[in-house]
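Novice: The structure under discussion is supplied below as structure tokens; questions concerning it will follow.
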There are 2 protein chains.
Amino acid sequence: MPTDPRDAMRAWFLGPRAENAELLERLVVESLRDHVFWRRNYHPEDGFAIREMDKRQQGYEETVATLTQELMGLLAELKRDVPFFSGRYKGHMIGEQTIASQIGYFATMLYNPNNIAIEISPVTTRLELEVAGQLARMIGYDPSRSWGHLTSGGTIANFEALWLARGVRYLAVAAAGAAGELGLDLPVRLPGGTTAPIAELALWELLNVTNQDTLDLWERLWQSAPRPEVQRALTNHSLAAIGYQEYSRRLALDYGDPLPAGVALVAATAHYSWEKIVRALGIGSNQLVHLPLDQFYRMDPDALWERVSALARRRQPILALVSVCGTTEESAVDRLDQVLQVRARAERELGATFHVHSDACYGGYAAAVTRRADGTRRTAAEIRESVGTDWPSEDWVRAVEALSQADSVTVDPHKMGYVPYAAGAILVRDGRTRHLVATDPPYLSPAEGPAPDTERFLGRYILEGSKPGAAAAAVWLSHKVIPLDERGYGYLIERTVAGAHRFHSALAGADLAPFRAVMLPVPDINIVCYLLCHPSLTTLRAVNEFNERVYARMSLTRSDGRPEYIITRTRLRSPAYDGAIDPILAALAVGSVDEWKASGPEGLVVLRSTIMDPFLAAPPPAPDHVRGFLGALRRACTEVLGAGGAAAGLLS
Amino acid sequence: MPTDPRDAMRAWFLGPRAENAELLERLVVESLRDHVFWRRNYHPEDGFAIREMDKRQQGYEETVATLTQELMGLLAELKRDVPFFSGRYKGHMIGEQTIASQIGYFATMLYNPNNIAIEISPVTTRLELEVAGQLARMIGYDPSRSWGHLTSGGTIANFEALWLARGVRYLAVAAAGAAGELGLDLPVRLPGGTTAPIAELALWELLNVTNQDTLDLWERLWQSAPRPEVQRALTNHSLAAIGYQEYSRRLALDYGDPLPAGVALVAATAHYSWEKIVRALGIGSNQLVHLPLDQFYRMDPDALWERVSALARRRQPILALVSVCGTTEESAVDRLDQVLQVRARAERELGATFHVHSDACYGGYAAAVTRRADGTRRTAAEIRESVGTDWPSEDWVRAVEALSQADSVTVDPHKMGYVPYAAGAILVRDGRTRHLVATDPPYLSPAEGPAPDTERFLGRYILEGSKPGAAAAAVWLSHKVIPLDERGYGYLIERTVAGAHRFHSALAGADLAPFRAVMLPVPDINIVCYLLCHPSLTTLRAVNEFNERVYARMSLTRSDGRPEYIITRTRLRSPAYDGAIDPILAALAVGSVDEWKASGPEGLVVLRSTIMDPFLAAPPPAPDHVRGFLGALRRACTEVLGAGGAAAGLLS
């Protein structure tokens, strides 16, 4: 009989009351002693550098005293930290860590492997590549063709995605230059389906070869001349070598075309780190084009089509389109299937194409919901039956299945993978892409070029260098215990969605009179957004102030540091939320869209609860934290409006 | 009586034979239980989500079984990992971790704080900024004016350094555009010492304002008009917003100057990651100018002056100069004091300036050697007396003291800070620099612009986003137990230098007949390089092959996986090592410089031993691993030349 995930889940975490403390302690002590005896058994004939008599010296004892004292101080201070383990925590995205990841991290940290190279991490580099293969399989990539690795987090993963996308987008231009230099004529497939000799292509055409055709072209180039010559010729024409300043000048010279700056299209809800990324890459934040949302906070595919057509008309290349699977503010899941249809149409009708990236840092693990134990896909109806709600829709499943067609996907194990920081991941559909950013360290021998035995020298292909093998082991062990399907992570995330739905409907239906909760739509995954109002609050500013103060009472910034429940908040601003604001303001019945737009950075304060607690929808005798939350929210509202001075300020 | 560091050091590490196992286990268990009881004591009135009866369910028990089994499998596999703890490990830079860092990481990981923002890491963000202050003080920065933070490692830290440097270098150009737009006239100080109105400056002059004068100018600009207007005007002209493509065009238009591409100057020994960095930033690897070395593997200041003059003559801006404090191959310490003199001369004589960065990722902690307990500097003679060798020279001390004058310094706690991965750090001398790369997340309220309370929102100023507070706590606790001066890290590094010197002179003086060791110079810190030869090896190729095979027998790649001692190797290639190769080839008496140059990537194989073991120079009864190593090396040499087939191959 297969393991029942309802029972299994109770062994996945330390637990809100540390119910599994004995288990974790047993494994921690076992791992530590196991490491200790490794040391003892390694050449036991060697003597001792630290002797028992040394431990009787005053300096030794003083050091132990300092260490113990300072540690006790640190432990005391850490009690001011966020009680993410409790059902009372309904704030920013942070949840429990799995016991497997905690013990995997700790045990491996004692060995401190460095996953920059397999030479110094023979075990954990392999685990890292295994983890990447597991995630690839979960989202529907072919693990034998795709490639991926762990990063320190989502920002670096997304950075690499755009870095790789840029490499592919400009590759055909470099290949054309190289082919010219080497006197080669290579056929290139264009998005419309026709094939033309590379020398005959205009700059715009070279910039609009699909990723797959670009990489095929690149492989043909390597096969058409001796390797060192191809290497030299490609380098002579690659943006990575030439740099933007010289590159722009060259293109203007070679093609008589000043080449409008390449843009990156992102959903208006895209994480703010995309701005860092385009700035750092030298693309410039002006080239970060934000696309409108629909009222479910998803990228609007019609608006995307219009923007793509407009860009194609003025021959402005698109480096990449960033779609989101699980926005960090609302957990919205873009209709990636429709986004991909827009690209297919652009290829057919406009001869234009672009790299499609899905930023699934937050939501990526939700793809586990769509997997049966044998790896096949579950239907939406099957999932709905399992969750016990009307989630997910057929559209949701289509959107998540479409991850398999994205050119790259980023997914953070340290978010819905429930592992400790720092663990992000990037996956690319066509593993050949990694060679475009490869850099060789000096100790690689000449024979060790792009050959199989260097494939596990991760430092060649990634932005970071030295990196903890412990993070890879943590994710790996967690995936071993909690599989990436309906038995494991799929079930876990179903439970958080069930909790989020329960939370949403309870709050929507609650009698909070004289207060009233205005709900944002039922979330695509598990972040619930809402705001509170009161008849006396008649301006947007007053509503914002009120909600900001409710937040202040329900967060650790509260003056006594002891909120009953903990939530967080964000601000919906124009123009990002133009497509979504109407129904909210209508429900709020305060302020107008024009007023909201005019408020600029002030925007609309919205309260947020990320439901990562898998026990929120658990039946009694589990504690009922939905009911508890409603009571606490009501008390917070009353306290804010009750305090005379504050109310006067709000109502003005 | 102050604590004697000789005794204290024996409590700093778990130890080669896990001599301090009891201490570590006590602290681990204490930290875990302390966390467990935090959970139990947080609203004890809440019920239980996991009940004792749940633990009797089959699914629960199966999960515990899977977890335990897979963990045992992982622990077994980890035994193939690098035995870095042993005195027999003399390979790549990896050493013990301090007990303080191990326990600090583990204890804090249970709380899993995210140092992206103080809201979700109230304790560890503060610890991170404290650690940055400690490191700043160690290298001689004024902690009240400087700024710094931890990164996932040296590559990201160096990336940020060049990103910040670019921001400063192009800032005066943006300020000139903004001032023009706002109708302001601002005085600017030029490197020669004169002052001129900003509108009158040529592009070349704007690109050659010192960092301090640039930031002063920027502050004056903010004071000269309302903030939103300055913000808008600066954005209109900043590279970060405009991107390289449009920026180049604009400058050509505004200044009639096509602006040659900005370059980054690096020592020929600079880490290969600098190539990744300039590629990713859009600067291009062609703009990465490698400067010649002297025969101690340090940047040649005369060659630097020549290059700077040549660049100034053709009006090519220098974004940054990267000097190295502790090369990863040889632990060479650049004469940073002389580098800074070159810049001062360039400012005086050429009107040219640039950002000076010190990549002290490996060697930065060696600055602790120069500090007394009260924070004042030790003289070279004092240090020599303490180490008991003729190290360091007065020049070495001057070079290390010069870190205080670098514009930015990167230093990796996870290298000579002896803490687990991942912990790098960047420090900038003028903390105002951080505002040039700031990005605001949506939940920051409008009032929370660049104000004191957002200073601890690290995510605004750094490339990464979510990041482990546990890493900060690990470094912090380690610094508490092992201070950054002669009592702590200074003493620790002195002992490794003493060990490296002992190792170097023993190997140089050893009778290995018929083999002979050719030594590279005595290292600036603690990496010893050498190669072996034999009268029958008469070509460079044969010598390389021989050393490569000795390495293969003395590394974990050895077929039985059980090398007696473990070393690593690198390759000295032309042109990087042109300035250093002569004495080595002369001592080797095989091959010529021309032959070596012609060999391209083949180069010269050099064996390397990083001495991070502080007990290598310890007197008996500590094990004598220098003697043990010499025996093992001799056996490896004999085995390689003894095997008939192999020898035939080598001697051909």
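Note on naming: chains are A, B, ... as they come in the structure tokens, residues start from 1 per chain, ligands start from 1 in the order shown.
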Mind checking which residues fall within 9 Å of Tyr170 in chain A, counting only C-alpha atoms, ignoring those fewer than 6 positions away in the same chain, and posting them as a ChimeraX atom specification?

Specialist: /A:206-207,238-239,319

Novice: For Ala598 in chain A, list every protein, DNA or RNA residue within 12 Å, evaluated using only C-alpha atoms, and leave out those in the same chain fewer than 4 positions away; present the list as number ranges by chain.

Specialist: A: 540-541, 573-575, 578, 591-594, 602-604

Novice: Now that the selection is made, can you save its residues with N, CA, C and O atoms as a PDB file, in the first residue's frame?

Specialist:
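Output saved as result.pdb:
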```
ATOM      1  N   LEU A 540      -8.807  57.615  -0.015  1.00  0.00           N
ATOM      2  CA  LEU A 540      -7.817  56.565  -0.213  1.00  0.00           C
ATOM      3  C   LEU A 540      -6.712  56.696   0.823  1.00  0.00           C
ATOM      4  O   LEU A 540      -6.214  55.710   1.357  1.00  0.00           O
ATOM      5  N   ARG A 541      -6.334  57.929   1.081  1.00  0.00           N
ATOM      6  CA  ARG A 541      -5.254  58.171   2.024  1.00  0.00           C
ATOM      7  C   ARG A 541      -5.598  57.649   3.421  1.00  0.00           C
ATOM      8  O   ARG A 541      -4.769  57.028   4.086  1.00  0.00           O
ATOM      9  N   ARG A 573       0.426  50.042  -7.161  1.00  0.00           N
ATOM     10  CA  ARG A 573       0.683  51.368  -7.718  1.00  0.00           C
ATOM     11  C   ARG A 573       0.352  51.410  -9.196  1.00  0.00           C
ATOM     12  O   ARG A 573       0.382  50.384  -9.874  1.00  0.00           O
ATOM     13  N   SER A 574       0.107  52.602  -9.691  1.00  0.00           N
ATOM     14  CA  SER A 574      -0.068  52.811 -11.125  1.00  0.00           C
ATOM     15  C   SER A 574       1.312  53.038 -11.734  1.00  0.00           C
ATOM     16  O   SER A 574       2.173  53.636 -11.075  1.00  0.00           O
ATOM     17  N   PRO A 575       1.602  52.633 -12.940  1.00  0.00           N
ATOM     18  CA  PRO A 575       0.722  51.955 -13.887  1.00  0.00           C
ATOM     19  C   PRO A 575       0.697  50.439 -13.744  1.00  0.00           C
ATOM     20  O   PRO A 575      -0.101  49.780 -14.412  1.00  0.00           O
ATOM     21  N   ASP A 578      -2.801  49.010 -13.173  1.00  0.00           N
ATOM     22  CA  ASP A 578      -3.929  49.642 -13.873  1.00  0.00           C
ATOM     23  C   ASP A 578      -5.000  48.627 -14.294  1.00  0.00           C
ATOM     24  O   ASP A 578      -6.196  48.897 -14.207  1.00  0.00           O
ATOM     25  N   GLY A 591     -12.600  56.514  -3.114  1.00  0.00           N
ATOM     26  CA  GLY A 591     -11.600  56.974  -4.079  1.00  0.00           C
ATOM     27  C   GLY A 591     -11.928  56.522  -5.489  1.00  0.00           C
ATOM     28  O   GLY A 591     -12.768  55.640  -5.711  1.00  0.00           O
ATOM     29  N   SER A 592     -11.268  57.158  -6.444  1.00  0.00           N
ATOM     30  CA  SER A 592     -11.497  56.821  -7.845  1.00  0.00           C
ATOM     31  C   SER A 592     -10.182  56.343  -8.450  1.00  0.00           C
ATOM     32  O   SER A 592      -9.104  56.523  -7.877  1.00  0.00           O
ATOM     33  N   VAL A 593     -10.297  55.750  -9.622  1.00  0.00           N
ATOM     34  CA  VAL A 593      -9.096  55.295 -10.310  1.00  0.00           C
ATOM     35  C   VAL A 593      -8.166  56.481 -10.579  1.00  0.00           C
ATOM     36  O   VAL A 593      -6.948  56.383 -10.413  1.00  0.00           O
ATOM     37  N   ASP A 594      -8.749  57.612 -10.956  1.00  0.00           N
ATOM     38  CA  ASP A 594      -7.920  58.794 -11.239  1.00  0.00           C
ATOM     39  C   ASP A 594      -7.160  59.255  -9.999  1.00  0.00           C
ATOM     40  O   ASP A 594      -5.981  59.587 -10.060  1.00  0.00           O
ATOM     41  N   GLU A 602       2.303  56.437  -3.509  1.00  0.00           N
ATOM     42  CA  GLU A 602       1.391  56.163  -2.393  1.00  0.00           C
ATOM     43  C   GLU A 602       0.534  54.930  -2.702  1.00  0.00           C
ATOM     44  O   GLU A 602       0.465  53.997  -1.912  1.00  0.00           O
ATOM     45  N   GLY A 603      -0.110  54.912  -3.867  1.00  0.00           N
ATOM     46  CA  GLY A 603      -0.875  53.737  -4.300  1.00  0.00           C
ATOM     47  C   GLY A 603      -1.931  53.285  -3.320  1.00  0.00           C
ATOM     48  O   GLY A 603      -2.496  54.099  -2.582  1.00  0.00           O
ATOM     49  N   LEU A 604      -2.179  51.994  -3.299  1.00  0.00           N
ATOM     50  CA  LEU A 604      -3.163  51.417  -2.400  1.00  0.00           C
ATOM     51  C   LEU A 604      -2.473  50.366  -1.527  1.00  0.00           C
ATOM     52  O   LEU A 604      -1.887  49.415  -2.051  1.00  0.00           O
TER      53      LEU A 604
END
```

Novice: Using only C-alpha atoms for the distances, tell me which of A:Ala352, A:Ala472, A:Val550, A:Leu556 is nearest to chain B.

Specialist: A:Leu556

Novice: Just the strand (DSSP E) stuff from range 245-428 of chain A, please, per backbone DSSP, written as a PyMOL selection string.

Specialist: chain A and resi 263-267+288-291+318-324+355-359+408-410+424-428

Novice: Can you spit out the residues from that selection as an mmCIF file, in the first residue's frame, using N, CA and C atoms?

Specialist:
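Contents of part-v7.cif, as written:
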```cif
data_model
loop_
_atom_site.group_PDB
_atom_site.id
_atom_site.type_symbol
_atom_site.label_atom_id
_atom_site.label_comp_id
_atom_site.auth_asym_id
_atom_site.auth_seq_id
_atom_site.Cartn_x
_atom_site.Cartn_y
_atom_site.Cartn_z
ATOM 1 N N VAL A 263 15.244 44.964 -25.865
ATOM 2 C CA VAL A 263 14.411 45.147 -24.676
ATOM 3 C C VAL A 263 14.129 43.811 -23.993
ATOM 4 N N ALA A 264 13.742 43.883 -22.748
ATOM 5 C CA ALA A 264 13.252 42.721 -22.003
ATOM 6 C C ALA A 264 11.830 43.047 -21.584
ATOM 7 N N LEU A 265 10.907 42.181 -21.948
ATOM 8 C CA LEU A 265 9.502 42.393 -21.585
ATOM 9 C C LEU A 265 9.209 41.631 -20.297
ATOM 10 N N VAL A 266 8.595 42.301 -19.360
ATOM 11 C CA VAL A 266 8.233 41.619 -18.111
ATOM 12 C C VAL A 266 6.801 41.976 -17.728
ATOM 13 N N ALA A 267 6.188 41.086 -16.984
ATOM 14 C CA ALA A 267 4.865 41.387 -16.449
ATOM 15 C C ALA A 267 4.998 42.547 -15.468
ATOM 16 N N LEU A 288 13.496 47.889 -19.920
ATOM 17 C CA LEU A 288 12.658 46.914 -19.213
ATOM 18 C C LEU A 288 11.214 47.355 -19.432
ATOM 19 N N VAL A 289 10.515 46.650 -20.281
ATOM 20 C CA VAL A 289 9.160 47.056 -20.658
ATOM 21 C C VAL A 289 8.157 46.258 -19.832
ATOM 22 N N HIS A 290 7.366 46.990 -19.038
ATOM 23 C CA HIS A 290 6.368 46.330 -18.197
ATOM 24 C C HIS A 290 5.063 46.174 -18.961
ATOM 25 N N LEU A 291 4.544 44.973 -18.968
ATOM 26 C CA LEU A 291 3.301 44.698 -19.685
ATOM 27 C C LEU A 291 2.112 44.734 -18.736
ATOM 28 N N ILE A 318 13.729 41.931 -29.217
ATOM 29 C CA ILE A 318 13.314 41.544 -27.864
ATOM 30 C C ILE A 318 14.284 40.477 -27.381
ATOM 31 N N LEU A 319 15.038 40.800 -26.342
ATOM 32 C CA LEU A 319 16.001 39.828 -25.821
ATOM 33 C C LEU A 319 15.274 38.671 -25.167
ATOM 34 N N ALA A 320 14.269 39.000 -24.394
ATOM 35 C CA ALA A 320 13.555 37.968 -23.653
ATOM 36 C C ALA A 320 12.226 38.505 -23.165
ATOM 37 N N LEU A 321 11.305 37.573 -23.000
ATOM 38 C CA LEU A 321 10.053 37.883 -22.341
ATOM 39 C C LEU A 321 10.054 37.122 -21.022
ATOM 40 N N VAL A 322 9.749 37.826 -19.941
ATOM 41 C CA VAL A 322 9.707 37.186 -18.632
ATOM 42 C C VAL A 322 8.262 37.042 -18.186
ATOM 43 N N SER A 323 7.813 35.828 -18.126
ATOM 44 C CA SER A 323 6.491 35.528 -17.609
ATOM 45 C C SER A 323 6.672 35.060 -16.166
ATOM 46 N N VAL A 324 5.624 35.156 -15.361
ATOM 47 C CA VAL A 324 5.769 34.802 -13.948
ATOM 48 C C VAL A 324 4.867 33.629 -13.602
ATOM 49 N N HIS A 355 13.336 34.880 -26.605
ATOM 50 C CA HIS A 355 13.515 33.897 -25.538
ATOM 51 C C HIS A 355 12.349 34.052 -24.561
ATOM 52 N N VAL A 356 11.717 32.960 -24.202
ATOM 53 C CA VAL A 356 10.659 33.019 -23.190
ATOM 54 C C VAL A 356 11.180 32.421 -21.891
ATOM 55 N N HIS A 357 11.192 33.252 -20.867
ATOM 56 C CA HIS A 357 11.645 32.812 -19.546
ATOM 57 C C HIS A 357 10.469 32.811 -18.595
ATOM 58 N N SER A 358 10.361 31.792 -17.785
ATOM 59 C CA SER A 358 9.359 31.826 -16.724
ATOM 60 C C SER A 358 10.042 31.987 -15.374
ATOM 61 N N ASP A 359 9.739 33.074 -14.726
ATOM 62 C CA ASP A 359 10.214 33.302 -13.364
ATOM 63 C C ASP A 359 9.249 32.559 -12.445
ATOM 64 N N SER A 408 13.680 28.933 -20.529
ATOM 65 C CA SER A 408 14.344 28.803 -19.240
ATOM 66 C C SER A 408 13.322 29.032 -18.139
ATOM 67 N N VAL A 409 13.590 28.421 -17.013
ATOM 68 C CA VAL A 409 12.691 28.516 -15.860
ATOM 69 C C VAL A 409 13.563 28.641 -14.616
ATOM 70 N N THR A 410 13.198 29.556 -13.741
ATOM 71 C CA THR A 410 13.884 29.632 -12.455
ATOM 72 C C THR A 410 12.909 29.222 -11.366
ATOM 73 N N GLY A 424 18.456 28.739 -4.854
ATOM 74 C CA GLY A 424 17.667 29.013 -6.052
ATOM 75 C C GLY A 424 18.070 28.009 -7.113
ATOM 76 N N ALA A 425 17.356 28.017 -8.236
ATOM 77 C CA ALA A 425 17.748 27.124 -9.325
ATOM 78 C C ALA A 425 17.391 27.742 -10.665
ATOM 79 N N ILE A 426 18.229 27.477 -11.650
ATOM 80 C CA ILE A 426 17.890 27.830 -13.023
ATOM 81 C C ILE A 426 17.930 26.560 -13.861
ATOM 82 N N LEU A 427 16.957 26.476 -14.766
ATOM 83 C CA LEU A 427 16.876 25.357 -15.700
ATOM 84 C C LEU A 427 16.781 25.937 -17.107
ATOM 85 N N VAL A 428 17.560 25.391 -18.034
ATOM 86 C CA VAL A 428 17.409 25.808 -19.436
ATOM 87 C C VAL A 428 17.019 24.598 -20.265
#
```

Novice: Quick one: everything within 10 Å of Tyr365 in chain A, counting only C-alpha atoms, minus sequence neighbours fewer than 2 positions away in the same chain. Send it as a CSV table (one decimal) with N, CA and C atoms, in the first residue's frame.

Specialist:
```csv
chain,number,residue,atom,x,y,z
A,135,LEU,N,14.1,18.7,-10.9
A,135,LEU,CA,13.3,19.9,-11.2
A,135,LEU,C,12.9,19.9,-12.6
A,138,MET,N,10.1,17.6,-13.3
A,138,MET,CA,8.9,18.1,-12.7
A,138,MET,C,8.2,19.1,-13.6
A,139,ILE,N,9.0,20.0,-14.2
A,139,ILE,CA,8.3,21.0,-15.1
A,139,ILE,C,8.1,20.5,-16.5
A,325,CYS,N,5.4,32.7,-12.8
A,325,CYS,CA,4.6,31.6,-12.3
A,325,CYS,C,4.6,31.8,-10.8
A,326,GLY,N,3.6,32.5,-10.3
A,326,GLY,CA,3.6,32.7,-8.8
A,326,GLY,C,4.3,34.1,-8.5
A,360,ALA,N,9.6,31.3,-12.2
A,360,ALA,CA,8.8,30.5,-11.3
A,360,ALA,C,9.5,30.3,-10.0
A,361,CYS,N,10.2,31.3,-9.6
A,361,CYS,CA,11.0,31.3,-8.3
A,361,CYS,C,10.0,30.9,-7.2
A,362,TYR,N,8.9,31.6,-7.1
A,362,TYR,CA,7.9,31.3,-6.1
A,362,TYR,C,7.1,30.1,-6.4
A,363,GLY,N,6.5,30.1,-7.6
A,363,GLY,CA,5.5,29.1,-7.9
A,363,GLY,C,5.9,27.8,-8.5
A,367,ALA,N,4.2,22.9,-9.8
A,367,ALA,CA,4.1,22.0,-10.9
A,367,ALA,C,4.1,20.5,-10.4
A,368,ALA,N,4.5,20.3,-9.1
A,368,ALA,CA,4.5,18.9,-8.5
A,368,ALA,C,3.0,18.5,-8.4
A,369,VAL,N,2.1,19.5,-8.3
A,369,VAL,CA,0.7,19.1,-8.1
A,369,VAL,C,0.2,18.4,-9.4
A,411,VAL,N,13.4,28.5,-10.4
A,411,VAL,CA,12.5,28.0,-9.3
A,411,VAL,C,13.4,27.9,-8.0
A,412,ASP,N,12.9,28.4,-7.0
A,412,ASP,CA,13.7,28.5,-5.7
A,412,ASP,C,13.3,27.4,-4.7
A,413,PRO,N,14.2,26.5,-4.5
A,413,PRO,CA,13.9,25.5,-3.5
A,413,PRO,C,13.7,26.2,-2.1
A,415,LYS,N,12.0,28.7,-1.4
A,415,LYS,CA,10.7,29.2,-1.2
A,415,LYS,C,9.8,28.0,-1.0
A,416,MET,N,9.0,27.6,-2.1
A,416,MET,CA,8.1,26.5,-1.8
A,416,MET,C,8.7,25.1,-1.8
A,417,GLY,N,10.0,25.1,-1.9
A,417,GLY,CA,10.7,23.8,-1.6
A,417,GLY,C,10.9,23.6,-0.1
A,418,TYR,N,10.6,24.6,0.7
A,418,TYR,CA,10.7,24.5,2.1
A,418,TYR,C,12.1,24.0,2.6
A,484,LEU,N,8.6,14.9,-5.9
A,484,LEU,CA,8.1,16.0,-6.6
A,484,LEU,C,6.8,15.6,-7.4
A,485,ASP,N,5.8,15.1,-6.7
A,485,ASP,CA,4.6,14.7,-7.3
A,485,ASP,C,3.5,14.7,-6.2
A,489,TYR,N,5.7,16.9,-2.7
A,489,TYR,CA,5.5,18.4,-2.8
A,489,TYR,C,4.1,18.8,-3.3
A,490,GLY,N,3.6,17.9,-4.2
A,490,GLY,CA,2.3,18.2,-4.8
A,490,GLY,C,1.3,18.2,-3.7
A,492,LEU,N,1.8,18.7,-0.5
A,492,LEU,CA,2.1,19.8,0.4
A,492,LEU,C,1.6,21.1,-0.1
A,493,ILE,N,1.7,21.3,-1.4
A,493,ILE,CA,1.3,22.6,-1.9
A,493,ILE,C,-0.3,22.6,-2.0
```

Novice: Using only C-alpha atoms, find the one residue out of B:His479, B:Gln295, B:Ala622, B:Asn112 that sits nearest to Asp582 in chain B.

Specialist: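 Selected residue with least distance to Asp582 in chain B: B:Gln295.
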
Novice: One number please: CA of Ala270 in chain A to CA of Ala402 in chain A, in Å, one decimal.

Specialist: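 Between CA of Ala270 in chain A and CA of Ala402 in chain A the gap is 18.5 Å.
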
Novice: Can you pull out every residue within 7 Å of Ile50 in chain A, counting only C-alpha atoms, but drop anything in the same chain fewer than 4 positions away, and send it as a ChimeraX atom specification?

Specialist: /A:54 /B:10,15,19

Novice: Which residues are near Glu77 in chain A? Cut-off 12 Å, only C-alpha atoms, ignore same chain within fewer than 4 positions. Put them as a list in words.

Specialist: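 Answer for this query is Glu70, Leu71, Met72, Gly73, Asp81 and Val82 of chain A; Asp34, His35, Trp38, Ala107, Thr108, Tyr111, Ser121, Pro122, Val123, Thr124, Arg126, Leu127 and Ala473 of chain B.
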
Novice: Mind dumping the selected residues with N, CA, C and O atoms as a compact mmCIF listing (two decimals), in the first residue's frame?

Specialist:
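Saved to selection-v3.txt:
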```txt
# COMPACT_ATOMS: atom_id res chain seq x y z
N GLU A 70 28.93 33.71 24.09
CA GLU A 70 28.46 34.46 22.92
C GLU A 70 27.35 33.70 22.20
O GLU A 70 26.41 34.30 21.68
N LEU A 71 27.47 32.37 22.18
CA LEU A 71 26.41 31.58 21.56
C LEU A 71 25.11 31.74 22.33
O LEU A 71 24.04 31.93 21.75
N MET A 72 25.21 31.69 23.66
CA MET A 72 23.99 31.87 24.46
C MET A 72 23.37 33.25 24.17
O MET A 72 22.16 33.38 24.08
N GLY A 73 24.21 34.24 24.02
CA GLY A 73 23.72 35.57 23.70
C GLY A 73 23.01 35.58 22.35
O GLY A 73 21.93 36.16 22.20
N ASP A 81 13.34 36.76 16.46
CA ASP A 81 13.17 36.45 15.05
C ASP A 81 11.71 36.09 14.73
O ASP A 81 10.86 36.00 15.63
N VAL A 82 11.46 35.90 13.44
CA VAL A 82 10.11 35.66 12.96
C VAL A 82 9.67 34.23 13.31
O VAL A 82 10.33 33.28 12.90
N ASP B 34 17.34 24.50 22.54
CA ASP B 34 16.94 25.88 22.81
C ASP B 34 15.89 26.32 21.79
O ASP B 34 14.90 26.96 22.14
N HIS B 35 16.11 25.97 20.53
CA HIS B 35 15.14 26.32 19.48
C HIS B 35 13.82 25.57 19.70
O HIS B 35 12.74 26.14 19.57
N TRP B 38 11.81 27.19 22.24
CA TRP B 38 11.23 28.45 21.74
C TRP B 38 9.87 28.14 21.10
O TRP B 38 8.87 28.79 21.38
N ALA B 107 22.84 26.85 14.41
CA ALA B 107 21.84 27.38 15.35
C ALA B 107 20.93 28.38 14.62
O ALA B 107 19.72 28.35 14.78
N THR B 108 21.52 29.24 13.80
CA THR B 108 20.72 30.27 13.16
C THR B 108 19.88 29.72 12.03
O THR B 108 18.79 30.19 11.75
N TYR B 111 16.37 29.05 12.56
CA TYR B 111 15.46 30.21 12.53
C TYR B 111 15.30 30.71 11.10
O TYR B 111 14.42 31.49 10.81
N SER B 121 14.53 39.61 9.34
CA SER B 121 15.77 39.13 9.95
C SER B 121 16.26 40.18 10.94
O SER B 121 17.34 40.74 10.80
N PRO B 122 15.43 40.45 11.97
CA PRO B 122 15.75 41.56 12.87
C PRO B 122 17.11 41.40 13.55
O PRO B 122 17.74 42.41 13.88
N VAL B 123 17.56 40.17 13.73
CA VAL B 123 18.83 39.97 14.43
C VAL B 123 19.99 39.90 13.44
O VAL B 123 20.99 40.60 13.58
N THR B 124 19.85 39.06 12.43
CA THR B 124 21.01 38.74 11.61
C THR B 124 21.37 39.83 10.60
O THR B 124 22.53 39.90 10.19
N ARG B 126 21.45 42.91 11.45
CA ARG B 126 22.35 43.70 12.29
C ARG B 126 23.72 43.02 12.40
O ARG B 126 24.75 43.68 12.29
N LEU B 127 23.72 41.71 12.58
CA LEU B 127 25.00 40.99 12.68
C LEU B 127 25.81 41.15 11.37
O LEU B 127 27.02 41.30 11.40
N ALA B 473 25.53 35.14 10.88
CA ALA B 473 25.72 34.72 12.28
C ALA B 473 26.98 33.88 12.42
O ALA B 473 27.69 33.98 13.43
```

Novice: Could you tell me how far CA of Gly631 in chain A lies from CA of Leu512 in chain A, in Å and to one decimal?

Specialist: 8.9 Å

Novice: Determine, counting only C-alpha atoms, which protein, DNA and RNA residues have an atom within 12 Å of an atom of Thr328 in chain B; residues of the same chain fewer than 6 positions away are not included. Present the result as a ChimeraX atom specification.

Specialist: /A:441-443 /B:91-94,154,268-273,297,359-364,412,415-416,523-529,569-570,608-610
